[in-house]
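Raw run.cif, mmCIF, C-alpha atoms:
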```cif
data_query
loop_
_atom_site.group_PDB
_atom_site.id
_atom_site.type_symbol
_atom_site.label_atom_id
_atom_site.label_comp_id
_atom_site.auth_asym_id
_atom_site.auth_seq_id
_atom_site.Cartn_x
_atom_site.Cartn_y
_atom_site.Cartn_z
ATOM 1 C CA MET Z 670 -18.665 -4.498 13.975
ATOM 2 C CA LYS Z 671 -16.881 -7.056 16.156
ATOM 3 C CA LYS Z 672 -13.188 -7.786 15.623
ATOM 4 C CA GLU Z 673 -13.718 -11.272 14.192
ATOM 5 C CA GLN Z 674 -16.506 -10.055 11.903
ATOM 6 C CA SER Z 675 -14.257 -7.279 10.646
ATOM 7 C CA LEU Z 676 -11.396 -9.682 9.942
ATOM 8 C CA ASN Z 677 -13.698 -12.085 8.160
ATOM 9 C CA GLU Z 678 -14.997 -9.301 5.921
ATOM 10 C CA TYR Z 679 -11.475 -8.224 4.979
ATOM 11 C CA PHE Z 680 -10.411 -11.784 4.188
ATOM 12 C CA PHE Z 681 -13.631 -12.470 2.275
ATOM 13 C CA ARG Z 682 -12.979 -9.489 0.015
ATOM 14 C CA ILE Z 683 -9.316 -10.320 -0.591
ATOM 15 C CA ASN Z 684 -10.192 -13.961 -1.285
ATOM 16 C CA ARG Z 685 -12.708 -12.730 -3.845
ATOM 17 C CA ALA Z 686 -9.901 -10.826 -5.590
ATOM 18 C CA ILE Z 687 -7.647 -13.907 -5.410
ATOM 19 C CA ASP Z 688 -10.374 -16.067 -6.971
ATOM 20 C CA TYR Z 689 -10.733 -13.581 -9.807
ATOM 21 C CA ILE Z 690 -6.969 -13.506 -10.378
ATOM 22 C CA LYS Z 691 -6.808 -17.314 -10.501
ATOM 23 C CA SER Z 692 -9.588 -17.437 -13.086
ATOM 24 C CA ASN Z 693 -8.277 -14.633 -15.265
ATOM 25 C CA LEU Z 694 -4.500 -14.958 -15.381
ATOM 26 C CA ASP Z 695 -4.479 -14.371 -19.130
ATOM 27 C CA ALA Z 696 -6.581 -11.210 -18.786
ATOM 28 C CA ASP Z 697 -5.661 -7.641 -17.915
ATOM 29 C CA LEU Z 698 -5.659 -7.748 -14.108
ATOM 30 C CA SER Z 699 -5.947 -4.019 -13.641
ATOM 31 C CA LEU Z 700 -5.887 -2.314 -10.270
ATOM 32 C CA ASP Z 701 -9.245 -0.707 -11.030
ATOM 33 C CA LYS Z 702 -10.865 -4.092 -11.670
ATOM 34 C CA LEU Z 703 -9.409 -5.857 -8.631
ATOM 35 C CA ALA Z 704 -10.209 -2.963 -6.318
ATOM 36 C CA GLU Z 705 -13.768 -2.944 -7.626
ATOM 37 C CA ILE Z 706 -14.131 -6.691 -7.073
ATOM 38 C CA SER Z 707 -12.833 -6.458 -3.508
ATOM 39 C CA ASN Z 708 -14.810 -3.272 -2.800
ATOM 40 C CA PHE Z 709 -11.746 -1.420 -1.542
ATOM 41 C CA SER Z 710 -10.467 1.942 -2.705
ATOM 42 C CA LYS Z 711 -7.946 1.410 -5.503
ATOM 43 C CA PHE Z 712 -5.684 3.895 -3.741
ATOM 44 C CA HIS Z 713 -5.352 1.528 -0.754
ATOM 45 C CA PHE Z 714 -5.897 -1.880 -2.368
ATOM 46 C CA HIS Z 715 -2.177 -2.638 -2.847
ATOM 47 C CA ARG Z 716 -1.402 -2.032 0.828
ATOM 48 C CA ILE Z 717 -4.384 -4.038 2.072
ATOM 49 C CA PHE Z 718 -3.574 -6.949 -0.239
ATOM 50 C CA LYS Z 719 0.005 -7.130 1.019
ATOM 51 C CA ALA Z 720 -1.031 -6.781 4.658
ATOM 52 C CA LEU Z 721 -3.471 -9.677 4.391
ATOM 53 C CA THR Z 722 -1.558 -12.044 2.093
ATOM 54 C CA GLY Z 723 2.045 -11.344 3.003
ATOM 55 C CA THR Z 724 3.028 -10.526 -0.577
ATOM 56 C CA THR Z 725 2.535 -7.684 -3.031
ATOM 57 C CA LEU Z 726 -0.231 -7.827 -5.619
ATOM 58 C CA ASN Z 727 2.243 -7.671 -8.504
ATOM 59 C CA ASN Z 728 4.332 -10.501 -7.061
ATOM 60 C CA PHE Z 729 1.237 -12.601 -6.462
ATOM 61 C CA ILE Z 730 0.065 -12.192 -10.058
ATOM 62 C CA LYS Z 731 3.564 -12.761 -11.477
ATOM 63 C CA THR Z 732 4.103 -15.945 -9.474
ATOM 64 C CA ALA Z 733 0.632 -17.285 -10.245
ATOM 65 C CA ARG Z 734 1.261 -16.781 -13.961
ATOM 66 C CA VAL Z 735 4.665 -18.480 -13.724
ATOM 67 C CA GLU Z 736 3.073 -21.441 -11.935
ATOM 68 C CA ARG Z 737 0.542 -21.769 -14.737
ATOM 69 C CA ALA Z 738 3.361 -21.643 -17.285
ATOM 70 C CA MET Z 739 5.206 -24.356 -15.358
ATOM 71 C CA PHE Z 740 2.135 -26.587 -15.659
ATOM 72 C CA TYR Z 741 2.069 -26.041 -19.434
ATOM 73 C CA LEU Z 742 5.802 -26.692 -19.685
ATOM 74 C CA ASN Z 743 5.358 -29.945 -17.781
ATOM 75 C CA ASN Z 744 2.343 -31.188 -19.663
ATOM 76 C CA ASN Z 745 2.605 -29.685 -23.150
ATOM 77 C CA PRO Z 746 6.176 -30.449 -24.245
ATOM 78 C CA SER Z 747 5.501 -29.660 -27.907
ATOM 79 C CA THR Z 748 3.947 -26.220 -27.327
ATOM 80 C CA PRO Z 749 6.376 -23.396 -28.100
ATOM 81 C CA ILE Z 750 7.473 -21.482 -25.032
ATOM 82 C CA SER Z 751 6.378 -18.240 -26.706
ATOM 83 C CA ASP Z 752 2.807 -19.574 -26.885
ATOM 84 C CA ILE Z 753 2.960 -20.667 -23.246
ATOM 85 C CA ALA Z 754 4.095 -17.198 -22.227
ATOM 86 C CA TYR Z 755 1.036 -15.582 -23.792
ATOM 87 C CA GLN Z 756 -1.343 -18.299 -22.587
ATOM 88 C CA SER Z 757 -0.098 -17.661 -19.040
ATOM 89 C CA GLY Z 758 -0.879 -13.968 -19.214
ATOM 90 C CA PHE Z 759 2.498 -12.402 -19.970
ATOM 91 C CA ALA Z 760 2.497 -9.485 -22.386
ATOM 92 C CA THR Z 761 5.894 -10.360 -23.870
ATOM 93 C CA GLU Z 762 8.274 -13.287 -24.029
ATOM 94 C CA THR Z 763 10.938 -11.145 -22.400
ATOM 95 C CA SER Z 764 8.795 -10.447 -19.333
ATOM 96 C CA PHE Z 765 7.946 -14.151 -19.115
ATOM 97 C CA TYR Z 766 11.552 -15.317 -19.239
ATOM 98 C CA ARG Z 767 12.598 -12.711 -16.678
ATOM 99 C CA SER Z 768 9.731 -13.555 -14.320
ATOM 100 C CA PHE Z 769 10.246 -17.310 -14.594
ATOM 101 C CA LYS Z 770 13.905 -17.008 -13.636
ATOM 102 C CA GLU Z 771 13.084 -14.636 -10.760
ATOM 103 C CA VAL Z 772 10.599 -17.146 -9.326
ATOM 104 C CA HIS Z 773 12.426 -20.442 -9.981
ATOM 105 C CA GLY Z 774 16.075 -19.529 -10.336
ATOM 106 C CA ILE Z 775 16.392 -21.173 -13.766
ATOM 107 C CA THR Z 776 15.065 -20.268 -17.206
ATOM 108 C CA ALA Z 777 11.913 -21.747 -18.657
ATOM 109 C CA THR Z 778 14.025 -23.499 -21.303
ATOM 110 C CA GLU Z 779 16.276 -25.023 -18.656
ATOM 111 C CA PHE Z 780 13.235 -26.147 -16.714
ATOM 112 C CA ARG Z 781 11.660 -27.809 -19.761
ATOM 113 C CA ASP Z 782 14.948 -29.464 -20.762
ATOM 114 C CA SER Z 783 15.537 -30.805 -17.264
ATOM 115 C CA HIS Z 784 11.998 -32.129 -17.058
ATOM 116 C CA GLN Z 785 12.194 -33.851 -20.419
ATOM 117 C CA LYS Z 786 15.547 -35.412 -19.482
ATOM 118 C CA GLY Z 787 14.134 -36.622 -16.180
ATOM 119 C CA ASN Z 788 16.545 -34.564 -14.089
ATOM 120 C CA SER Z 789 15.062 -35.509 -10.741
ATOM 121 C CA LYS Z 790 16.781 -32.769 -8.749
ATOM 122 C CA ASN Z 791 15.398 -29.866 -10.744
ATOM 123 C CA CYS Z 792 12.062 -31.531 -11.322
ATOM 124 C CA LYS Z 793 11.542 -32.218 -7.652
ATOM 125 C CA GLN Z 794 12.555 -28.721 -6.685
ATOM 126 C CA ASP Z 795 10.143 -27.122 -9.092
ATOM 127 C CA SER Z 796 7.312 -29.593 -8.613
ATOM 128 C CA ASN Z 797 7.473 -28.953 -4.885
ATOM 129 C CA ILE Z 798 7.287 -25.165 -5.147
ATOM 130 C CA SER Z 799 4.098 -24.146 -3.363
ATOM 131 C CA ASN Z 800 1.540 -22.324 -5.401
ATOM 132 C CA LEU Z 801 1.536 -18.747 -4.156
ATOM 133 C CA GLU Z 802 -2.226 -18.735 -4.078
ATOM 134 C CA ASN Z 803 -2.170 -21.580 -1.555
ATOM 135 C CA GLU Z 804 0.427 -19.766 0.517
ATOM 136 C CA ALA Z 805 -1.763 -16.680 0.567
ATOM 137 C CA GLN Z 806 -4.796 -18.730 1.581
ATOM 138 C CA GLN Z 807 -2.793 -20.299 4.392
ATOM 139 C CA TYR Z 808 -1.619 -16.854 5.458
ATOM 140 C CA LEU Z 809 -5.204 -15.616 5.602
ATOM 141 C CA ALA Z 810 -6.336 -18.695 7.479
ATOM 142 C CA SER Z 811 -3.561 -18.376 10.044
ATOM 143 C CA LYS Z 812 -4.717 -14.855 10.813
ATOM 144 C CA ILE Z 813 -8.401 -15.547 10.964
ATOM 145 C CA TYR Z 814 -8.095 -18.664 13.120
ATOM 146 C CA ASN Z 815 -5.374 -17.325 15.371
ATOM 147 C CA LEU Z 816 -6.809 -13.974 16.298
ATOM 148 C CA LYS Z 817 -4.367 -13.660 19.172
ATOM 149 C CA THR Z 818 -1.665 -13.032 16.584
ATOM 150 C CA ILE Z 819 -3.649 -10.007 15.464
ATOM 151 C CA SER Z 820 -3.243 -8.516 18.880
ATOM 152 C CA MET Z 821 -2.654 -4.954 19.860
ATOM 153 C CA ASP Z 822 0.886 -5.779 21.031
ATOM 154 C CA LYS Z 823 2.485 -3.666 18.338
ATOM 155 C CA GLY Z 824 0.073 -0.897 19.075
ATOM 156 C CA LYS Z 825 0.001 -0.824 22.854
ATOM 157 C CA ALA Z 826 1.358 2.711 22.754
ATOM 158 C CA ILE Z 827 -0.883 3.616 19.825
ATOM 159 C CA GLU Z 828 -4.296 5.068 20.501
ATOM 160 C CA VAL Z 829 -6.553 5.440 17.489
ATOM 161 C CA GLU Z 830 -9.531 7.772 17.664
ATOM 162 C CA VAL Z 831 -12.136 7.775 14.906
ATOM 163 C CA LYS Z 832 -13.706 11.201 14.585
ATOM 164 C CA GLU Z 833 -15.095 13.771 12.182
ATOM 165 C CA LEU Z 834 -12.588 16.306 10.902
ATOM 166 C CA PRO Z 835 -13.521 19.519 9.069
ATOM 167 C CA GLU Z 836 -12.509 20.303 5.524
ATOM 168 C CA LEU Z 837 -9.339 22.359 5.334
ATOM 169 C CA HIS Z 838 -8.395 25.071 2.851
ATOM 170 C CA VAL Z 839 -4.666 24.885 2.224
ATOM 171 C CA VAL Z 840 -1.892 26.361 0.143
ATOM 172 C CA TYR Z 841 0.804 23.923 -0.874
ATOM 173 C CA VAL Z 842 4.149 23.238 -2.509
ATOM 174 C CA ARG Z 843 4.039 19.958 -4.418
ATOM 175 C CA ASN Z 844 6.710 17.386 -5.221
ATOM 176 C CA LEU Z 845 5.837 14.631 -7.702
ATOM 177 C CA ASN Z 846 8.931 12.521 -7.081
ATOM 178 C CA ILE Z 847 10.287 12.649 -3.533
ATOM 179 C CA HIS Z 848 11.564 9.848 -1.334
ATOM 180 C CA LEU Z 849 9.344 8.986 1.591
ATOM 181 C CA HIS Z 850 12.179 9.569 4.075
ATOM 182 C CA ASP Z 851 13.745 12.637 2.444
ATOM 183 C CA SER Z 852 13.260 14.910 5.444
ATOM 184 C CA GLU Z 853 15.740 17.466 4.116
ATOM 185 C CA THR Z 854 13.761 18.095 0.929
ATOM 186 C CA PHE Z 855 10.461 18.123 2.818
ATOM 187 C CA GLY Z 856 11.997 20.721 5.125
ATOM 188 C CA LYS Z 857 13.063 22.903 2.195
ATOM 189 C CA MET Z 858 9.558 22.675 0.745
ATOM 190 C CA PHE Z 859 8.096 23.912 4.026
ATOM 191 C CA GLU Z 860 10.664 26.727 4.128
ATOM 192 C CA ALA Z 861 9.667 27.850 0.632
ATOM 193 C CA LEU Z 862 5.986 27.752 1.527
ATOM 194 C CA ILE Z 863 6.473 29.724 4.738
ATOM 195 C CA ARG Z 864 8.598 32.323 2.916
ATOM 196 C CA TRP Z 865 5.608 32.873 0.619
ATOM 197 C CA ALA Z 866 2.967 32.821 3.348
ATOM 198 C CA ALA Z 867 4.634 34.815 6.142
ATOM 199 C CA PRO Z 868 4.718 38.240 4.405
ATOM 200 C CA ARG Z 869 1.023 37.794 3.655
ATOM 201 C CA GLY Z 870 0.193 37.326 7.327
ATOM 202 C CA LEU Z 871 -0.780 33.683 6.815
ATOM 203 C CA VAL Z 872 1.569 32.079 9.360
ATOM 204 C CA ASN Z 873 -0.052 32.191 12.791
ATOM 205 C CA PHE Z 874 0.886 29.039 14.669
ATOM 206 C CA PRO Z 875 -0.759 27.195 16.356
ATOM 207 C CA GLU Z 876 -3.923 28.342 14.537
ATOM 208 C CA THR Z 877 -2.175 27.690 11.213
ATOM 209 C CA LYS Z 878 -1.721 23.962 10.638
ATOM 210 C CA ALA Z 879 1.357 22.585 8.893
ATOM 211 C CA LEU Z 880 0.509 19.389 7.014
ATOM 212 C CA THR Z 881 2.142 16.798 4.809
ATOM 213 C CA VAL Z 882 -0.424 15.371 2.397
ATOM 214 C CA TYR Z 883 0.393 12.097 0.639
ATOM 215 C CA ARG Z 884 -0.869 11.926 -2.936
ATOM 216 C CA SER Z 885 0.361 8.426 -3.797
ATOM 217 C CA ASN Z 886 1.633 5.211 -2.290
ATOM 218 C CA PRO Z 887 5.426 4.736 -2.405
ATOM 219 C CA ASN Z 888 6.805 2.789 -5.352
ATOM 220 C CA LEU Z 889 9.424 0.062 -4.948
ATOM 221 C CA ASP Z 890 12.120 2.715 -4.556
ATOM 222 C CA GLY Z 891 10.176 4.583 -1.867
ATOM 223 C CA MET Z 892 9.311 7.499 -4.155
ATOM 224 C CA ILE Z 893 5.977 9.244 -3.686
ATOM 225 C CA GLN Z 894 3.969 12.306 -4.639
ATOM 226 C CA ALA Z 895 3.383 14.639 -1.705
ATOM 227 C CA ASP Z 896 2.382 18.189 -0.789
ATOM 228 C CA VAL Z 897 3.494 20.282 2.157
ATOM 229 C CA CYS Z 898 0.630 22.543 3.183
ATOM 230 C CA LEU Z 899 -0.425 25.408 5.401
ATOM 231 C CA THR Z 900 -4.061 25.987 6.269
ATOM 232 C CA VAL Z 901 -5.397 29.362 5.114
ATOM 233 C CA PRO Z 902 -8.721 31.232 4.977
ATOM 234 C CA GLU Z 903 -10.978 30.100 2.134
ATOM 235 C CA GLU Z 904 -10.573 33.309 0.123
ATOM 236 C CA ILE Z 905 -6.770 33.039 -0.145
ATOM 237 C CA GLU Z 906 -5.415 32.040 -3.567
ATOM 238 C CA GLY Z 907 -2.056 30.571 -4.464
ATOM 239 C CA GLU Z 908 0.358 31.757 -7.125
ATOM 240 C CA GLY Z 909 3.353 30.395 -8.982
ATOM 241 C CA ILE Z 910 4.647 27.210 -7.374
ATOM 242 C CA VAL Z 911 2.235 27.719 -4.481
ATOM 243 C CA GLY Z 912 -1.080 26.027 -5.190
ATOM 244 C CA LYS Z 913 -4.415 26.165 -3.405
ATOM 245 C CA THR Z 914 -6.770 23.265 -2.729
ATOM 246 C CA THR Z 915 -9.270 21.902 -0.220
ATOM 247 C CA LEU Z 916 -8.785 18.755 1.857
ATOM 248 C CA SER Z 917 -12.060 16.933 2.337
ATOM 249 C CA GLY Z 918 -13.531 16.645 5.800
ATOM 250 C CA GLY Z 919 -15.267 13.574 7.136
ATOM 251 C CA MET Z 920 -14.475 10.528 9.232
ATOM 252 C CA TYR Z 921 -10.794 9.950 9.990
ATOM 253 C CA ALA Z 922 -8.766 7.580 12.138
ATOM 254 C CA VAL Z 923 -6.481 9.914 14.077
ATOM 255 C CA VAL Z 924 -3.307 8.744 15.816
ATOM 256 C CA HIS Z 925 -1.479 11.168 18.109
ATOM 257 C CA LYS Z 926 2.235 10.411 18.494
ATOM 258 C CA GLU Z 927 5.440 11.856 19.888
ATOM 259 C CA ALA Z 928 8.102 9.847 18.125
ATOM 260 C CA THR Z 929 10.771 9.646 15.450
ATOM 261 C CA MET Z 930 9.665 9.690 11.830
ATOM 262 C CA ALA Z 931 10.703 6.022 11.607
ATOM 263 C CA GLU Z 932 8.159 5.256 14.334
ATOM 264 C CA CYS Z 933 5.656 7.306 12.400
ATOM 265 C CA PHE Z 934 5.943 4.975 9.423
ATOM 266 C CA SER Z 935 5.866 1.838 11.583
ATOM 267 C CA THR Z 936 2.662 3.220 13.092
ATOM 268 C CA TRP Z 937 1.328 3.635 9.572
ATOM 269 C CA ASP Z 938 2.061 -0.038 8.869
ATOM 270 C CA TYR Z 939 0.325 -1.074 12.092
ATOM 271 C CA ILE Z 940 -2.820 0.846 11.156
ATOM 272 C CA PHE Z 941 -3.106 -0.875 7.775
ATOM 273 C CA GLU Z 942 -1.934 -4.333 8.763
ATOM 274 C CA GLU Z 943 -3.739 -4.748 12.060
ATOM 275 C CA TRP Z 944 -5.996 -1.907 13.103
ATOM 276 C CA PHE Z 945 -8.129 -1.699 9.966
ATOM 277 C CA PRO Z 946 -8.927 -5.425 9.656
ATOM 278 C CA ALA Z 947 -9.712 -5.687 13.372
ATOM 279 C CA ASN Z 948 -11.969 -2.667 13.806
ATOM 280 C CA GLY Z 949 -14.668 -2.662 11.146
ATOM 281 C CA TYR Z 950 -13.249 0.133 8.983
ATOM 282 C CA GLN Z 951 -11.586 0.412 5.607
ATOM 283 C CA PRO Z 952 -9.511 3.249 4.139
ATOM 284 C CA ASP Z 953 -11.457 5.850 2.205
ATOM 285 C CA ASN Z 954 -10.154 7.493 -0.972
ATOM 286 C CA ARG Z 955 -9.889 10.979 0.501
ATOM 287 C CA ASN Z 956 -6.542 12.595 1.286
ATOM 288 C CA PHE Z 957 -4.522 11.219 4.185
ATOM 289 C CA TYR Z 958 -2.119 13.530 5.912
ATOM 290 C CA ILE Z 959 0.119 14.245 8.891
ATOM 291 C CA ASN Z 960 -0.584 17.308 11.014
ATOM 292 C CA HIS Z 961 2.802 18.464 12.352
ATOM 293 C CA LEU Z 962 2.456 19.905 15.857
ATOM 294 C CA ASN Z 963 6.043 20.920 16.591
ATOM 295 C CA GLU Z 964 9.479 21.592 15.137
ATOM 296 C CA ALA Z 965 11.481 18.461 15.841
ATOM 297 C CA GLU Z 966 14.759 20.401 15.974
ATOM 298 C CA LYS Z 967 13.447 22.305 18.997
ATOM 299 C CA HIS Z 968 12.337 19.149 20.827
ATOM 300 C CA PRO Z 969 14.755 17.999 23.612
ATOM 301 C CA GLN Z 970 14.936 14.525 22.026
ATOM 302 C CA LYS Z 971 14.454 15.760 18.436
ATOM 303 C CA LEU Z 972 11.100 13.977 18.326
ATOM 304 C CA HIS Z 973 8.172 14.781 16.078
ATOM 305 C CA ILE Z 974 4.775 15.462 17.629
ATOM 306 C CA PHE Z 975 2.032 14.848 15.114
ATOM 307 C CA ASP Z 976 -1.480 13.689 14.382
ATOM 308 C CA MET Z 977 -1.693 11.050 11.664
ATOM 309 C CA CYS Z 978 -5.048 11.441 9.909
ATOM 310 C CA ILE Z 979 -6.252 8.538 7.763
ATOM 311 C CA PRO Z 980 -9.671 8.788 6.035
ATOM 312 C CA VAL Z 981 -11.933 5.857 6.862
ATOM 313 C CA LYS Z 982 -15.387 4.497 6.191
ATOM 314 C CA PRO Z 983 -17.240 1.527 7.677
ATOM 315 C CA LEU Z 984 -16.860 -1.864 5.999
#
```
Serialized structure, structure tokens:
Amino acid sequence: MKKEQSLNEYFFRINRAIDYIKSNLDADLSLDKLAEISNFSKFHFHRIFKALTGTTLNNFIKTARVERAMFYLNNNPSTPISDIAYQSGFATETSFYRSFKEVHGITATEFRDSHQKGNSKNCKQDSNISNLENEAQQYLASKIYNLKTISMDKGKAIEVEVKELPELHVVYVRNLNIHLHDSETFGKMFEALIRWAAPRGLVNFPETKALTVYRSNPNLDGMIQADVCLTVPEEIEGEGIVGKTTLSGGMYAVVHKEATMAECFSTWDYIFEEWFPANGYQPDNRNFYINHLNEAEKHPQKLHIFDMCIPVKPL
């Protein structure tokens, strides 16, 4: 698939989700439903939506609902604000009042009062606030009609190879609430896993692979669910805090890097924001992981050498 065709397909799918959101603001806009409509994996939909619209899905929905409420406040002065909150898709009055102030800087009551009193300053400010849906559409259009901005400049030093990888049998130590950049805790998890595996003859680098497997996307605080893993023969079983699972094989986009972990995560952003839309692939819902190829502490520049492995499928 050509670059422009790939971009068009991505934007077409996200626009389809945006159209559904616009038409169903008072409905339950679940991740499952929006991912299904856009034909993206729900595991990756949030990231793709933000990459292509410039805003998070939750912020888009919140602002769109507030803009609808503002229309009702302007044009239905006798309707109770509580009714407007529910008509605009908010589950509670409290969430509506909080969201309205976050978006507009004043409360819904203050907005209605200022409008009814003809306060031109506030009215003009709020009436001129761009609908977030239009901003997103403009953002999409700027990308699709200015393909030079979706260049490989960020990724000149990034080579992405799409290839088949085998399934991997692994033992793991799991953390259900760890910060994305908490290298100290990740290191302790690996130490615990190696202490378990070494006496059993299961640590034989470089044949043994050391992996970090990401089980969730980071929340707003950067917290994720993640496993640290060692590959093992199929017959090996875990015990206690050490689990055993299989990572699916298949088609992966593989990026080989020698860099800091900060560069690792900027590479991750590049893959989702630019490489995917431009190359005819979408993320698959299999596990994505980093294959660690060295001990950074033993590197002359303390750099990490790794393969970033992201499951993909054609658009």
Quiz item: Hey, which of Z:Pro946, Z:Ile847, Z:Leu837, Z:Thr929 ends up closest to Pro902 in chain Z? Count only C-alpha atoms.
Solution: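 Selected residue with least distance to Pro902 in chain Z: Z:Leu837.
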Exercise. Using only C-alpha atoms, pick whichever of Z:Asp896, Z:Asn846, Z:Glu673, Z:Cys933 has the shortest atom-to-atom distance to Ile910 in chain Z.
Key: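 Under the stated criterion, the closest residue is Z:Asp896.
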Quiz prompt | Point-to-point distance from CA of Thr763 in chain Z to CA of Ala738 in chain Z, Å rounded to tenths | solution = 13.9 Å
Practice problem: With only C-alpha atoms counted, which protein, DNA or RNA residues have an atom no more than 9 Å from (-14.4, 6.7, 14.0) in the file frame? Please answer as JSON, numbers by chain. | Solution: {"Z": [829, 830, 831, 832, 833, 920, 921, 922, 923, 950, 981, 982, 983]}
Quiz item: CA of Gly907 in chain Z to CA of Glu860 in chain Z: how many Å, to one decimal?
Solution: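 It comes out at 15.8 Å.
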Practice problem: In Å, rounded to a single decimal, give me how far CA of Val840 in chain Z is from CA of Trp865 in chain Z. | Solution: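 Between CA of Trp865 in chain Z and CA of Val840 in chain Z the gap works out to 9.9 Å.
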Quick check on the file I pasted: which residues fall under the PyMOL selection byres ((chain Z and resi 727) around 12)? Write them as a PDB file with C-alpha atoms, in the coordinates of the input.
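Okay, out.pdb is ready:
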```pdb
ATOM      1  CA  ILE Z 690      -6.969 -13.506 -10.378  1.00  0.00           C
ATOM      2  CA  LEU Z 698      -5.659  -7.748 -14.108  1.00  0.00           C
ATOM      3  CA  SER Z 699      -5.947  -4.019 -13.641  1.00  0.00           C
ATOM      4  CA  LEU Z 700      -5.887  -2.314 -10.270  1.00  0.00           C
ATOM      5  CA  LEU Z 703      -9.409  -5.857  -8.631  1.00  0.00           C
ATOM      6  CA  PHE Z 714      -5.897  -1.880  -2.368  1.00  0.00           C
ATOM      7  CA  HIS Z 715      -2.177  -2.638  -2.847  1.00  0.00           C
ATOM      8  CA  ARG Z 716      -1.402  -2.032   0.828  1.00  0.00           C
ATOM      9  CA  PHE Z 718      -3.574  -6.949  -0.239  1.00  0.00           C
ATOM     10  CA  LYS Z 719       0.005  -7.130   1.019  1.00  0.00           C
ATOM     11  CA  THR Z 724       3.028 -10.526  -0.577  1.00  0.00           C
ATOM     12  CA  THR Z 725       2.535  -7.684  -3.031  1.00  0.00           C
ATOM     13  CA  LEU Z 726      -0.231  -7.827  -5.619  1.00  0.00           C
ATOM     14  CA  ASN Z 728       4.332 -10.501  -7.061  1.00  0.00           C
ATOM     15  CA  PHE Z 729       1.237 -12.601  -6.462  1.00  0.00           C
ATOM     16  CA  ILE Z 730       0.065 -12.192 -10.058  1.00  0.00           C
ATOM     17  CA  LYS Z 731       3.564 -12.761 -11.477  1.00  0.00           C
ATOM     18  CA  THR Z 732       4.103 -15.945  -9.474  1.00  0.00           C
ATOM     19  CA  ALA Z 733       0.632 -17.285 -10.245  1.00  0.00           C
ATOM     20  CA  ARG Z 734       1.261 -16.781 -13.961  1.00  0.00           C
ATOM     21  CA  SER Z 768       9.731 -13.555 -14.320  1.00  0.00           C
ATOM     22  CA  LEU Z 801       1.536 -18.747  -4.156  1.00  0.00           C
ATOM     23  CA  ASN Z 888       6.805   2.789  -5.352  1.00  0.00           C
ATOM     24  CA  LEU Z 889       9.424   0.062  -4.948  1.00  0.00           C
TER      25      LEU Z 889
END
```
